[in-house]
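Below is final10.pdb, holding PDB, C-alpha atoms and all ligand atoms.
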ATOM      1  CA  ASP J   1      70.312  -3.784 -12.323
ATOM      2  CA  TRP J   2      67.629  -5.309 -14.574
ATOM      3  CA  THR J   3      68.678  -5.681 -18.182
ATOM      4  CA  PRO J   4      67.185  -7.962 -20.841
ATOM      5  CA  ASP J   5      70.491  -9.829 -21.115
ATOM      6  CA  SER J   6      70.841 -10.471 -17.391
ATOM      7  CA  PHE J   7      67.192 -11.547 -17.225
ATOM      8  CA  ILE J   8      67.702 -13.977 -20.106
ATOM      9  CA  GLU J   9      70.846 -15.445 -18.578
ATOM     10  CA  THR J  10      69.404 -16.043 -15.105
ATOM     11  CA  THR J  11      66.035 -17.229 -16.428
ATOM     12  CA  ILE J  12      67.577 -19.813 -18.742
ATOM     13  CA  ALA J  13      69.752 -21.109 -15.898
ATOM     14  CA  GLU J  14      66.716 -21.334 -13.598
ATOM     15  CA  LEU J  15      64.628 -23.075 -16.247
ATOM     16  CA  LYS J  16      67.372 -25.636 -16.872
ATOM     17  CA  ALA J  17      67.654 -26.365 -13.150
ATOM     18  CA  LYS J  18      63.903 -26.582 -12.658
ATOM     19  CA  LEU J  19      63.009 -28.615 -15.755
ATOM     20  CA  GLY J  20      66.020 -30.887 -16.258
ATOM     21  CA  ASP J  21      64.990 -33.447 -18.892
ATOM     22  CA  ASP J  22      61.253 -32.855 -18.410
ATOM     23  CA  LYS J  23      58.919 -32.096 -21.299
ATOM     24  CA  VAL J  24      56.877 -28.908 -21.532
ATOM     25  CA  VAL J  25      53.844 -28.232 -23.705
ATOM     26  CA  LEU J  26      52.972 -24.629 -24.620
ATOM     27  CA  GLY J  27      50.239 -23.016 -26.694
ATOM     28  CA  LEU J  28      51.448 -20.289 -29.036
ATOM     29  CA  SER J  29      49.029 -17.562 -30.077
ATOM     30  CA  GLY J  30      51.174 -15.460 -32.408
ATOM     31  CA  GLY J  31      51.228 -12.742 -29.757
ATOM     32  CA  VAL J  32      54.217 -11.254 -27.989
ATOM     33  CA  ASP J  33      53.999 -13.008 -24.620
ATOM     34  CA  SER J  34      53.628 -16.615 -25.698
ATOM     35  CA  SER J  35      56.323 -16.128 -28.361
ATOM     36  CA  VAL J  36      58.894 -14.748 -25.912
ATOM     37  CA  ALA J  37      58.060 -17.443 -23.344
ATOM     38  CA  ALA J  38      58.519 -20.112 -26.022
ATOM     39  CA  VAL J  39      61.902 -18.839 -27.177
ATOM     40  CA  LEU J  40      63.209 -18.640 -23.599
ATOM     41  CA  LEU J  41      62.032 -22.172 -22.870
ATOM     42  CA  HIS J  42      63.437 -23.387 -26.160
ATOM     43  CA  GLN J  43      66.847 -21.946 -25.331
ATOM     44  CA  ALA J  44      66.719 -23.694 -21.957
ATOM     45  CA  ILE J  45      65.407 -27.156 -22.913
ATOM     46  CA  GLY J  46      65.470 -27.335 -26.731
ATOM     47  CA  ALA J  47      63.249 -29.954 -28.341
ATOM     48  CA  ASN J  48      61.744 -30.907 -24.966
ATOM     49  CA  LEU J  49      59.586 -27.844 -25.464
ATOM     50  CA  HIS J  50      56.563 -28.885 -27.552
ATOM     51  CA  CYS J  51      54.680 -25.889 -28.966
ATOM     52  CA  ILE J  52      51.129 -26.068 -30.242
ATOM     53  CA  PHE J  53      49.632 -23.458 -32.559
ATOM     54  CA  VAL J  54      45.925 -23.777 -33.299
ATOM     55  CA  ASP J  55      44.279 -22.362 -36.409
ATOM     56  CA  ASN J  56      40.813 -21.467 -35.121
ATOM     57  CA  GLY J  57      39.787 -19.992 -38.471
ATOM     58  CA  LEU J  58      39.349 -16.623 -36.767
ATOM     59  CA  LEU J  59      42.824 -15.187 -37.268
ATOM     60  CA  ARG J  60      43.774 -12.364 -39.614
ATOM     61  CA  LYS J  61      44.280 -13.124 -43.307
ATOM     62  CA  ASP J  62      47.308 -15.416 -43.906
ATOM     63  CA  GLU J  63      48.313 -15.009 -40.271
ATOM     64  CA  TYR J  64      48.291 -18.694 -39.416
ATOM     65  CA  GLN J  65      50.770 -19.632 -42.143
ATOM     66  CA  SER J  66      53.043 -16.635 -41.728
ATOM     67  CA  VAL J  67      53.256 -16.983 -37.950
ATOM     68  CA  LEU J  68      53.801 -20.723 -38.228
ATOM     69  CA  ASP J  69      56.597 -20.081 -40.732
ATOM     70  CA  SER J  70      58.344 -17.585 -38.507
ATOM     71  CA  TYR J  71      58.112 -19.912 -35.487
ATOM     72  CA  GLN J  72      59.610 -22.731 -37.546
ATOM     73  CA  HIS J  73      62.271 -20.327 -38.702
ATOM     74  CA  MET J  74      63.169 -19.681 -35.070
ATOM     75  CA  GLY J  75      63.786 -23.413 -34.696
ATOM     76  CA  LEU J  76      60.876 -24.076 -32.354
ATOM     77  CA  ASN J  77      59.531 -27.586 -32.094
ATOM     78  CA  ILE J  78      56.008 -26.666 -33.135
ATOM     79  CA  LYS J  79      52.897 -28.438 -34.244
ATOM     80  CA  GLY J  80      50.271 -26.500 -36.205
ATOM     81  CA  ILE J  81      46.705 -27.764 -35.938
ATOM     82  CA  ASP J  82      44.038 -26.856 -38.461
ATOM     83  CA  ALA J  83      40.889 -26.819 -36.327
ATOM     84  CA  LYS J  84      38.959 -24.247 -38.364
ATOM     85  CA  GLN J  85      35.978 -26.468 -39.020
ATOM     86  CA  ARG J  86      35.591 -27.459 -35.352
ATOM     87  CA  PHE J  87      35.400 -23.785 -34.385
ATOM     88  CA  TYR J  88      32.978 -22.896 -37.201
ATOM     89  CA  ASP J  89      30.755 -25.847 -36.269
ATOM     90  CA  ALA J  90      30.695 -24.797 -32.618
ATOM     91  CA  LEU J  91      29.905 -21.190 -33.573
ATOM     92  CA  ALA J  92      27.176 -21.949 -36.102
ATOM     93  CA  GLY J  93      24.036 -19.986 -35.297
ATOM     94  CA  LEU J  94      25.439 -18.327 -32.137
ATOM     95  CA  THR J  95      24.865 -14.565 -31.962
ATOM     96  CA  ASP J  96      25.369 -13.673 -28.296
ATOM     97  CA  PRO J  97      28.941 -12.377 -27.763
ATOM     98  CA  GLU J  98      29.479 -14.246 -24.505
ATOM     99  CA  LYS J  99      28.117 -17.490 -25.964
ATOM    100  CA  LYS J 100      30.532 -17.090 -28.869
ATOM    101  CA  ARG J 101      33.430 -16.534 -26.444
ATOM    102  CA  LYS J 102      32.433 -19.589 -24.395
ATOM    103  CA  ALA J 103      32.153 -21.812 -27.478
ATOM    104  CA  ILE J 104      35.587 -20.724 -28.689
ATOM    105  CA  GLY J 105      37.117 -21.253 -25.247
ATOM    106  CA  ARG J 106      35.589 -24.717 -24.995
ATOM    107  CA  VAL J 107      36.766 -25.870 -28.432
ATOM    108  CA  PHE J 108      40.234 -24.437 -27.829
ATOM    109  CA  ILE J 109      40.542 -26.459 -24.623
ATOM    110  CA  GLU J 110      39.413 -29.630 -26.404
ATOM    111  CA  VAL J 111      41.806 -29.162 -29.313
ATOM    112  CA  PHE J 112      44.717 -28.228 -27.067
ATOM    113  CA  ASP J 113      44.041 -31.132 -24.724
ATOM    114  CA  ASP J 114      44.042 -33.597 -27.646
ATOM    115  CA  ALA J 115      47.344 -32.171 -28.887
ATOM    116  CA  ALA J 116      48.905 -32.203 -25.422
ATOM    117  CA  HIS J 117      48.007 -35.906 -25.060
ATOM    118  CA  GLU J 118      50.175 -36.640 -28.075
ATOM    119  CA  VAL J 119      53.266 -35.442 -26.227
ATOM    120  CA  GLN J 120      54.384 -38.596 -24.441
ATOM    121  CA  GLY J 121      55.356 -38.120 -20.812
ATOM    122  CA  VAL J 122      54.812 -34.377 -20.684
ATOM    123  CA  SER J 123      54.821 -32.970 -17.144
ATOM    124  CA  TRP J 124      54.705 -29.181 -17.517
ATOM    125  CA  LEU J 125      52.438 -26.576 -19.088
ATOM    126  CA  GLY J 126      54.362 -23.498 -20.257
ATOM    127  CA  GLN J 127      52.529 -20.183 -20.270
ATOM    128  CA  GLY J 128      53.312 -16.634 -21.350
ATOM    129  CA  THR J 129      51.666 -15.111 -18.271
ATOM    130  CA  ILE J 130      53.088 -11.656 -17.515
ATOM    131  CA  TYR J 131      53.039  -9.732 -14.226
ATOM    132  CA  PRO J 132      49.859  -7.701 -14.901
ATOM    133  CA  ASP J 133      48.013 -10.988 -15.629
ATOM    134  CA  VAL J 134      49.160 -12.295 -12.258
ATOM    135  CA  ILE J 135      47.903  -9.285 -10.308
ATOM    136  CA  GLU J 136      44.582  -9.017 -12.076
ATOM    137  CA  SER J 137      44.069 -12.742 -12.416
ATOM    138  CA  VAL J 138      40.311 -12.282 -12.376
ATOM    139  CA  SER J 139      40.200 -10.565 -15.750
ATOM    140  CA  VAL J 140      36.702 -11.089 -17.062
ATOM    141  CA  LYS J 141      37.656 -11.781 -20.625
ATOM    142  CA  GLY J 142      41.114 -13.362 -20.557
ATOM    143  CA  PRO J 143      41.791 -16.907 -21.658
ATOM    144  CA  SER J 144      42.429 -17.940 -18.047
ATOM    145  CA  ALA J 145      38.897 -16.853 -17.189
ATOM    146  CA  THR J 146      37.602 -18.911 -20.082
ATOM    147  CA  ILE J 147      39.455 -21.882 -18.717
ATOM    148  CA  LYS J 148      38.262 -21.167 -15.172
ATOM    149  CA  SER J 149      34.645 -21.039 -16.237
ATOM    150  CA  HIS J 150      35.098 -24.554 -17.588
ATOM    151  CA  HIS J 151      36.602 -25.960 -14.398
ATOM    152  CA  ASN J 152      33.155 -26.419 -13.052
ATOM    153  CA  VAL J 153      31.810 -28.316 -16.027
ATOM    154  CA  GLY J 154      32.995 -31.885 -16.196
ATOM    155  CA  GLY J 155      36.301 -31.442 -14.347
ATOM    156  CA  LEU J 156      39.693 -30.221 -15.458
ATOM    157  CA  PRO J 157      41.090 -31.098 -18.855
ATOM    158  CA  ASP J 158      44.247 -33.151 -18.401
ATOM    159  CA  PHE J 159      46.683 -30.472 -19.537
ATOM    160  CA  MET J 160      45.457 -28.273 -16.702
ATOM    161  CA  LYS J 161      46.644 -30.836 -14.186
ATOM    162  CA  LEU J 162      50.225 -30.300 -15.352
ATOM    163  CA  LYS J 163      52.697 -28.262 -13.317
ATOM    164  CA  VAL J 164      52.885 -24.714 -14.638
ATOM    165  CA  VAL J 165      56.021 -22.880 -15.719
ATOM    166  CA  GLU J 166      55.691 -19.144 -16.440
ATOM    167  CA  PRO J 167      59.070 -17.565 -17.197
ATOM    168  CA  LEU J 168      57.646 -14.053 -17.750
ATOM    169  CA  ASN J 169      55.477 -13.703 -14.666
ATOM    170  CA  THR J 170      57.634 -10.956 -13.124
ATOM    171  CA  LEU J 171      57.745  -8.773 -16.259
ATOM    172  CA  PHE J 172      55.702  -5.897 -17.621
ATOM    173  CA  LYS J 173      54.819  -5.745 -21.301
ATOM    174  CA  ASP J 174      57.597  -3.332 -22.272
ATOM    175  CA  GLU J 175      60.145  -5.568 -20.531
ATOM    176  CA  VAL J 176      58.781  -8.593 -22.400
ATOM    177  CA  ARG J 177      59.289  -6.695 -25.673
ATOM    178  CA  ARG J 178      62.867  -5.800 -24.697
ATOM    179  CA  VAL J 179      63.616  -9.418 -23.785
ATOM    180  CA  GLY J 180      62.081 -10.519 -27.081
ATOM    181  CA  LYS J 181      64.252  -8.069 -28.966
ATOM    182  CA  ALA J 182      67.386  -9.263 -27.161
ATOM    183  CA  LEU J 183      66.410 -12.841 -28.079
ATOM    184  CA  GLY J 184      66.270 -11.806 -31.741
ATOM    185  CA  ILE J 185      62.557 -12.425 -32.214
ATOM    186  CA  ASP J 186      60.991 -11.086 -35.443
ATOM    187  CA  PRO J 187      60.041  -7.388 -34.919
ATOM    188  CA  ASN J 188      56.798  -8.183 -36.742
ATOM    189  CA  ILE J 189      55.798 -10.439 -33.857
ATOM    190  CA  LEU J 190      57.073  -8.103 -31.114
ATOM    191  CA  GLY J 191      55.417  -4.967 -32.473
ATOM    192  CA  ARG J 192      52.075  -6.539 -33.151
ATOM    193  CA  HIS J 193      48.810  -4.880 -32.098
ATOM    194  CA  PRO J 194      46.921  -6.704 -29.348
ATOM    195  CA  PHE J 195      44.470  -9.184 -30.848
ATOM    196  CA  PRO J 196      41.666 -10.778 -28.832
ATOM    197  CA  GLY J 197      41.712 -14.526 -28.183
ATOM    198  CA  PRO J 198      38.274 -15.037 -29.819
ATOM    199  CA  GLY J 199      39.699 -13.232 -32.836
ATOM    200  CA  LEU J 200      37.463 -12.179 -35.698
ATOM    201  CA  ALA J 201      34.483 -13.910 -34.075
ATOM    202  CA  ILE J 202      33.920 -10.805 -31.940
ATOM    203  CA  ARG J 203      34.518  -8.512 -34.928
ATOM    204  CA  ILE J 204      31.690 -10.092 -36.906
ATOM    205  CA  LEU J 205      28.553  -8.877 -35.180
ATOM    206  CA  GLY J 206      25.990 -11.619 -34.940
ATOM    207  CA  ASP J 207      26.483 -15.140 -36.261
ATOM    208  CA  ILE J 208      29.702 -16.380 -37.829
ATOM    209  CA  THR J 209      30.017 -18.037 -41.224
ATOM    210  CA  PRO J 210      33.215 -18.858 -43.123
ATOM    211  CA  GLU J 211      32.027 -16.468 -45.884
ATOM    212  CA  LYS J 212      31.809 -13.541 -43.455
ATOM    213  CA  VAL J 213      35.228 -14.424 -42.030
ATOM    214  CA  ASP J 214      36.654 -14.352 -45.551
ATOM    215  CA  ILE J 215      35.132 -10.926 -46.307
ATOM    216  CA  LEU J 216      36.342  -9.471 -43.009
ATOM    217  CA  GLN J 217      39.845 -10.921 -43.498
ATOM    218  CA  GLN J 218      40.118  -9.235 -46.899
ATOM    219  CA  ALA J 219      38.907  -5.850 -45.616
ATOM    220  CA  ASP J 220      41.063  -6.053 -42.481
ATOM    221  CA  ALA J 221      44.170  -6.909 -44.507
ATOM    222  CA  ILE J 222      43.642  -3.895 -46.780
ATOM    223  CA  TYR J 223      43.217  -1.713 -43.689
ATOM    224  CA  ILE J 224      46.263  -2.994 -41.783
ATOM    225  CA  ASN J 225      48.543  -2.998 -44.865
ATOM    226  CA  ASN J 226      47.626   0.627 -45.502
ATOM    227  CA  LEU J 227      48.368   1.566 -41.878
ATOM    228  CA  ARG J 228      51.774  -0.071 -42.297
ATOM    229  CA  SER J 229      52.638   1.503 -45.621
ATOM    230  CA  ALA J 230      51.527   4.950 -44.386
ATOM    231  CA  GLY J 231      53.897   4.510 -41.421
ATOM    232  CA  VAL J 232      51.187   4.873 -38.780
ATOM    233  CA  TYR J 233      50.850   1.239 -37.658
ATOM    234  CA  ASP J 234      53.309   1.607 -34.777
ATOM    235  CA  SER J 235      51.700   4.748 -33.409
ATOM    236  CA  VAL J 236      48.281   3.075 -33.231
ATOM    237  CA  TRP J 237      47.734   0.917 -30.142
ATOM    238  CA  GLN J 238      45.184  -1.369 -31.774
ATOM    239  CA  ALA J 239      43.331  -1.386 -35.080
ATOM    240  CA  GLY J 240      40.972  -3.703 -36.880
ATOM    241  CA  ALA J 241      37.983  -3.901 -39.168
ATOM    242  CA  ILE J 242      34.520  -4.923 -38.000
ATOM    243  CA  TYR J 243      31.847  -6.627 -40.093
ATOM    244  CA  LEU J 244      28.441  -5.102 -39.446
ATOM    245  CA  PRO J 245      25.274  -7.143 -39.985
ATOM    246  CA  VAL J 246      23.736  -4.162 -41.741
ATOM    247  CA  GLN J 247      23.019  -3.867 -45.442
ATOM    248  CA  SER J 248      22.715  -0.578 -47.222
ATOM    249  CA  VAL J 249      22.009   0.584 -50.727
ATOM    250  CA  GLY J 250      24.804   1.468 -53.098
ATOM    251  CA  VAL J 251      25.358   1.843 -56.802
ATOM    252  CA  MET J 252      27.869   0.074 -59.031
ATOM    253  CA  GLY J 253      27.797   1.075 -62.728
ATOM    254  CA  ASP J 254      24.114   1.010 -63.614
ATOM    255  CA  GLU J 255      23.284  -1.471 -60.895
ATOM    256  CA  ARG J 256      21.825  -0.850 -57.498
ATOM    257  CA  THR J 257      23.616  -2.868 -54.802
ATOM    258  CA  TYR J 258      22.445  -3.915 -51.349
ATOM    259  CA  GLU J 259      25.487  -5.054 -49.399
ATOM    260  CA  ASN J 260      27.192  -5.035 -46.004
ATOM    261  CA  VAL J 261      29.056  -2.322 -44.110
ATOM    262  CA  ILE J 262      32.632  -2.511 -42.835
ATOM    263  CA  CYS J 263      33.576  -0.356 -39.872
ATOM    264  CA  LEU J 264      37.207   0.652 -39.259
ATOM    265  CA  ARG J 265      38.427   1.008 -35.674
ATOM    266  CA  ALA J 266      41.776   2.433 -34.505
ATOM    267  CA  VAL J 267      42.568   3.523 -30.973
ATOM    268  CA  GLU J 268      45.342   5.027 -28.908
ATOM    269  CA  SER J 269      45.715   3.535 -25.457
ATOM    270  CA  VAL J 270      48.254   2.576 -22.816
ATOM    271  CA  ASP J 271      46.665  -0.546 -21.387
ATOM    272  CA  GLY J 272      43.321  -0.997 -23.127
ATOM    273  CA  MET J 273      41.412   0.200 -20.057
ATOM    274  CA  THR J 274      40.732   3.590 -21.608
ATOM    275  CA  ALA J 275      41.210   4.531 -25.242
ATOM    276  CA  ASP J 276      40.825   7.427 -27.645
ATOM    277  CA  TRP J 277      39.928   6.998 -31.294
ATOM    278  CA  CYS J 278      42.848   7.817 -33.574
ATOM    279  CA  HIS J 279      42.649  10.894 -35.756
ATOM    280  CA  LEU J 280      43.811   9.087 -38.890
ATOM    281  CA  PRO J 281      44.438  11.371 -41.889
ATOM    282  CA  TYR J 282      41.382  11.800 -44.127
ATOM    283  CA  ASN J 283      43.353  10.939 -47.261
ATOM    284  CA  LEU J 284      44.448   7.646 -45.694
ATOM    285  CA  LEU J 285      40.858   6.807 -44.701
ATOM    286  CA  ALA J 286      39.722   7.688 -48.220
ATOM    287  CA  LYS J 287      42.306   5.374 -49.791
ATOM    288  CA  ILE J 288      41.384   2.489 -47.483
ATOM    289  CA  SER J 289      37.666   2.963 -48.092
ATOM    290  CA  ASN J 290      38.126   2.963 -51.875
ATOM    291  CA  GLU J 291      40.322  -0.104 -51.821
ATOM    292  CA  ILE J 292      37.902  -2.056 -49.656
ATOM    293  CA  ILE J 293      34.807  -1.135 -51.648
ATOM    294  CA  ASN J 294      36.508  -1.752 -55.001
ATOM    295  CA  ASN J 295      38.098  -5.061 -54.033
ATOM    296  CA  VAL J 296      35.988  -6.814 -51.431
ATOM    297  CA  LYS J 297      32.912  -8.410 -52.889
ATOM    298  CA  GLY J 298      29.923  -8.004 -50.584
ATOM    299  CA  ILE J 299      30.929  -4.613 -49.161
ATOM    300  CA  ASN J 300      29.609  -1.332 -50.565
ATOM    301  CA  ARG J 301      30.106   1.034 -47.614
ATOM    302  CA  VAL J 302      32.887   1.784 -45.102
ATOM    303  CA  VAL J 303      32.509   3.825 -41.906
ATOM    304  CA  TYR J 304      35.016   4.978 -39.266
ATOM    305  CA  ASP J 305      34.370   4.576 -35.541
ATOM    306  CA  ILE J 306      34.891   7.876 -33.665
ATOM    307  CA  SER J 307      33.975   6.633 -30.178
ATOM    308  CA  SER J 308      36.322   6.604 -27.215
ATOM    309  CA  LYS J 309      36.457   4.230 -24.241
ATOM    310  CA  PRO J 310      34.622   4.797 -21.986
ATOM    311  CA  PRO J 311      31.758   4.770 -22.674
ATOM    312  CA  ALA J 312      32.337   2.707 -25.848
ATOM    313  CA  THR J 313      34.633  -0.335 -25.685
ATOM    314  CA  ILE J 314      37.458  -1.054 -28.117
ATOM    315  CA  GLU J 315      35.768  -4.151 -29.548
ATOM    316  CA  TRP J 316      32.147  -4.051 -30.652
ATOM    317  CA  GLU J 317      31.249  -7.262 -28.825
TER     318      GLU J 317
HETATM  319  P1  LIG U 401      37.329  -3.853 -24.794
HETATM  320  O1  LIG U 401      36.510  -4.208 -25.986
HETATM  321  O2  LIG U 401      36.823  -4.473 -23.529
HETATM  322  O3  LIG U 401      38.784  -4.472 -25.050
HETATM  323  O4  LIG U 401      37.525  -2.358 -24.641
HETATM  324  C1  LIG U 401      39.914  -4.183 -24.265
HETATM  325  C2  LIG U 401      41.057  -5.030 -24.779
HETATM  326  O5  LIG U 401      40.780  -6.400 -24.523
HETATM  327  C3  LIG U 401      40.744  -7.130 -25.743
HETATM  328  N1  LIG U 401      39.669  -8.118 -25.633
HETATM  329  C4  LIG U 401      39.859  -9.427 -25.462
HETATM  330  N2  LIG U 401      40.996 -10.153 -25.364
HETATM  331  N3  LIG U 401      39.691 -12.126 -25.129
HETATM  332  C5  LIG U 401      40.896 -11.506 -25.210
HETATM  333  O6  LIG U 401      41.921 -12.201 -25.142
HETATM  334  C6  LIG U 401      38.518 -11.460 -25.221
HETATM  335  O7  LIG U 401      37.444 -12.043 -25.146
HETATM  336  C7  LIG U 401      38.622 -10.035 -25.397
HETATM  337  N4  LIG U 401      37.691  -9.047 -25.511
HETATM  338  C8  LIG U 401      38.365  -7.887 -25.667
HETATM  339  C9  LIG U 401      40.508  -6.098 -26.814
HETATM  340  O8  LIG U 401      40.988  -6.554 -28.093
HETATM  341  C10 LIG U 401      41.272  -4.908 -26.288
HETATM  342  O9  LIG U 401      42.659  -5.039 -26.551
END
The structure given in the file should be rewritten as structure tokens.
Ligand code: XMP
Amino acid sequence: DWTPDSFIETTIAELKAKLGDDKVVLGLSGGVDSSVAAVLLHQAIGANLHCIFVDNGLLRKDEYQSVLDSYQHMGLNIKGIDAKQRFYDALAGLTDPEKKRKAIGRVFIEVFDDAAHEVQGVSWLGQGTIYPDVIESVSVKGPSATIKSHHNVGGLPDFMKLKVVEPLNTLFKDEVRRVGKALGIDPNILGRHPFPGPGLAIRILGDITPEKVDILQQADAIYINNLRSAGVYDSVWQAGAIYLPVQSVGVMGDERTYENVICLRAVESVDGMTADWCHLPYNLLAKISNEIINNVKGINRVVYDISSKPPATIEWE
């Protein structure tokens, strides 16, 4: 019978036998899968697991520091890398969504490869791959596809020549969450909404600047904090704010304003393949809208996305 505890026990024993005194390098994203994979590996091989967490400057507000803190709290051997400027430089002037994704994928590989080189004598790459990733390995948008599309250009980065260890590749998402819970991982990490690898770059329509990222982070934080305090965060499958490259007229005191629009998105879904927009309470939407407009400089209008997937997608890019 499968139970989280029996899975943990056999997996740790298998990892110990397979890895011995070898070193493993693993990229943490702040998401559920990579976090659970890291804790399992850490319990098996301790400090021989070297975790890397990259700040791409496209995460939610304060997320980099808070996630880094909770990983350190868990005792993981982790290195945080501030690569914000490299990502912003690579994104400067790009407006096409797929070009933005490619640029982010390319810089991530470069940054990760540099960090992996600093781990002397490493022989394994740890990954949080879960069973659905294995069966649909040709996902168009996943990080593995990003890496694959770079195979052809200039050869493999060195970390991709490492042997791969994927302790979760027989599990479904709900099983990963149960294992994570049994391992004592922070419920804040386990219950997190899915967040795309390219992060806020695909929630800022058009070109990316650090100023736009800052505005979107503030609006998004107000939105997500309100979903949490209203007790609806856990019943929403995924939510986030989107920065629209549209200016509209508003009025503040006696002044006419001409500022940008923030769109709020929240969907119910099982797997992201189809999704319905969430019928959030009007009074909650009203509170969020007021808080954003009153507190985020540069925003004078908030709209709510009432499109379902299909034919709309969850993200706007
Ligand atoms: P769409 O917008 O296609 O999104 O309805 C479906 C799910 O996939 C996520 N998504 C991505 N995840 N890299 C990722 O890692 C990406 O480029 C990407 N694009 C979309 C999206 O957040 C949703 O959960």
Counting all atoms listed in the file, what are the residues, protein, DNA or RNA alike, that approach ligand LIG 401 (chain U) to within 8 Å? I want them as a PyMOL selection string. chain J and resi 101+141-143+194-199+202+238+271-275+309+312-317
Cut-off 10 Å: closest region 171-200 of chain J/region 38-47 of chain J atom pairs per residue, using only C-alpha atoms, as JSON lines:
{"residue": "J:Val179", "atom": "CA", "partner": "J:Leu40", "partner_atom": "CA", "distance": 9.2}
{"residue": "J:Gly180", "atom": "CA", "partner": "J:Val39", "partner_atom": "CA", "distance": 8.3}
{"residue": "J:Leu183", "atom": "CA", "partner": "J:Val39", "partner_atom": "CA", "distance": 7.6}
{"residue": "J:Gly184", "atom": "CA", "partner": "J:Val39", "partner_atom": "CA", "distance": 9.5}
{"residue": "J:Ile185", "atom": "CA", "partner": "J:Val39", "partner_atom": "CA", "distance": 8.2}
For Ala221 (chain J), list every protein, DNA or RNA residue within 9 Å, evaluated using all atoms listed in the file, and leave out those in the same chain fewer than 5 positions away; present the list as an MDAnalysis selection string. chainID J and resid 60:61 216 226 240:241
Using all atoms listed in the file, which of the listed residues (J:Ala103, J:Val246, J:Val303, J:Ala115) sits closest to Gly27 (chain J)?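 The closest residue to Gly27 (chain J) is J:Ala115.
By chain and then residue number, the residues within 12 Å of Ala286 (chain J) are J:Tyr223, J:Asn226, J:Leu264, J:Leu280, J:Pro281, J:Glu291, J:Ile292, J:Ile293, J:Arg301, J:Val302, J:Val303, J:Tyr304, counting all atoms listed in the file and disregarding those fewer than 5 positions away in sequence.
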For this structure, which residues satisfy the selection - the PyMOL selection byres (((chain J and resi 64) around 12) and not hetatm) - when it is evaluated on the file as given? I want them as a VMD selection string. chain J and resid 28 to 31 53 to 63 65 to 71 79 to 84
Determine the residue set returned by the PyMOL selection byres (((chain J and resi 100) around 12) and not hetatm) for the present structure, and present it as a PDB file with C-alpha atoms, keeping the file's coordinate frame.
ATOM      1  CA  LEU J  58      39.349 -16.623 -36.767  1.00  0.00           C
ATOM      2  CA  PHE J  87      35.400 -23.785 -34.385  1.00  0.00           C
ATOM      3  CA  TYR J  88      32.978 -22.896 -37.201  1.00  0.00           C
ATOM      4  CA  ASP J  89      30.755 -25.847 -36.269  1.00  0.00           C
ATOM      5  CA  ALA J  90      30.695 -24.797 -32.618  1.00  0.00           C
ATOM      6  CA  LEU J  91      29.905 -21.190 -33.573  1.00  0.00           C
ATOM      7  CA  ALA J  92      27.176 -21.949 -36.102  1.00  0.00           C
ATOM      8  CA  GLY J  93      24.036 -19.986 -35.297  1.00  0.00           C
ATOM      9  CA  LEU J  94      25.439 -18.327 -32.137  1.00  0.00           C
ATOM     10  CA  THR J  95      24.865 -14.565 -31.962  1.00  0.00           C
ATOM     11  CA  ASP J  96      25.369 -13.673 -28.296  1.00  0.00           C
ATOM     12  CA  PRO J  97      28.941 -12.377 -27.763  1.00  0.00           C
ATOM     13  CA  GLU J  98      29.479 -14.246 -24.505  1.00  0.00           C
ATOM     14  CA  LYS J  99      28.117 -17.490 -25.964  1.00  0.00           C
ATOM     15  CA  ARG J 101      33.430 -16.534 -26.444  1.00  0.00           C
ATOM     16  CA  LYS J 102      32.433 -19.589 -24.395  1.00  0.00           C
ATOM     17  CA  ALA J 103      32.153 -21.812 -27.478  1.00  0.00           C
ATOM     18  CA  ILE J 104      35.587 -20.724 -28.689  1.00  0.00           C
ATOM     19  CA  GLY J 105      37.117 -21.253 -25.247  1.00  0.00           C
ATOM     20  CA  ARG J 106      35.589 -24.717 -24.995  1.00  0.00           C
ATOM     21  CA  VAL J 107      36.766 -25.870 -28.432  1.00  0.00           C
ATOM     22  CA  THR J 146      37.602 -18.911 -20.082  1.00  0.00           C
ATOM     23  CA  GLY J 197      41.712 -14.526 -28.183  1.00  0.00           C
ATOM     24  CA  PRO J 198      38.274 -15.037 -29.819  1.00  0.00           C
ATOM     25  CA  GLY J 199      39.699 -13.232 -32.836  1.00  0.00           C
ATOM     26  CA  LEU J 200      37.463 -12.179 -35.698  1.00  0.00           C
ATOM     27  CA  ALA J 201      34.483 -13.910 -34.075  1.00  0.00           C
ATOM     28  CA  ILE J 202      33.920 -10.805 -31.940  1.00  0.00           C
ATOM     29  CA  ARG J 203      34.518  -8.512 -34.928  1.00  0.00           C
ATOM     30  CA  ILE J 204      31.690 -10.092 -36.906  1.00  0.00           C
ATOM     31  CA  LEU J 205      28.553  -8.877 -35.180  1.00  0.00           C
ATOM     32  CA  GLY J 206      25.990 -11.619 -34.940  1.00  0.00           C
ATOM     33  CA  ASP J 207      26.483 -15.140 -36.261  1.00  0.00           C
ATOM     34  CA  ILE J 208      29.702 -16.380 -37.829  1.00  0.00           C
ATOM     35  CA  GLU J 317      31.249  -7.262 -28.825  1.00  0.00           C
TER      36      GLU J 317
END
Coordinates-based distance that separates CA of Val25 (chain J) from CA of His117 (chain J) (Å, one decimal): 9.7 Å
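For the set J:Val249, J:Val119, J:Met74, J:Val111, the residue with the smallest atom-to-atom gap to Asn48 (chain J) is J:Val119, counting all atoms listed in the file.
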Evaluated on this file, the PyMOL selection byres (((chain J and resi 175) around 12) and not hetatm) picks out some residues - which ones are they, written as a ChimeraX atom specification? /J:2-5,7-8,32-33,36,130-132,168-174,176-182,190
Separation of CA of Lys212 (chain J) from CA of Ala230 (chain J) in Å: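 About the pair CA of Ala230 (chain J) and CA of Lys212 (chain J): they are 27.0 Å apart.
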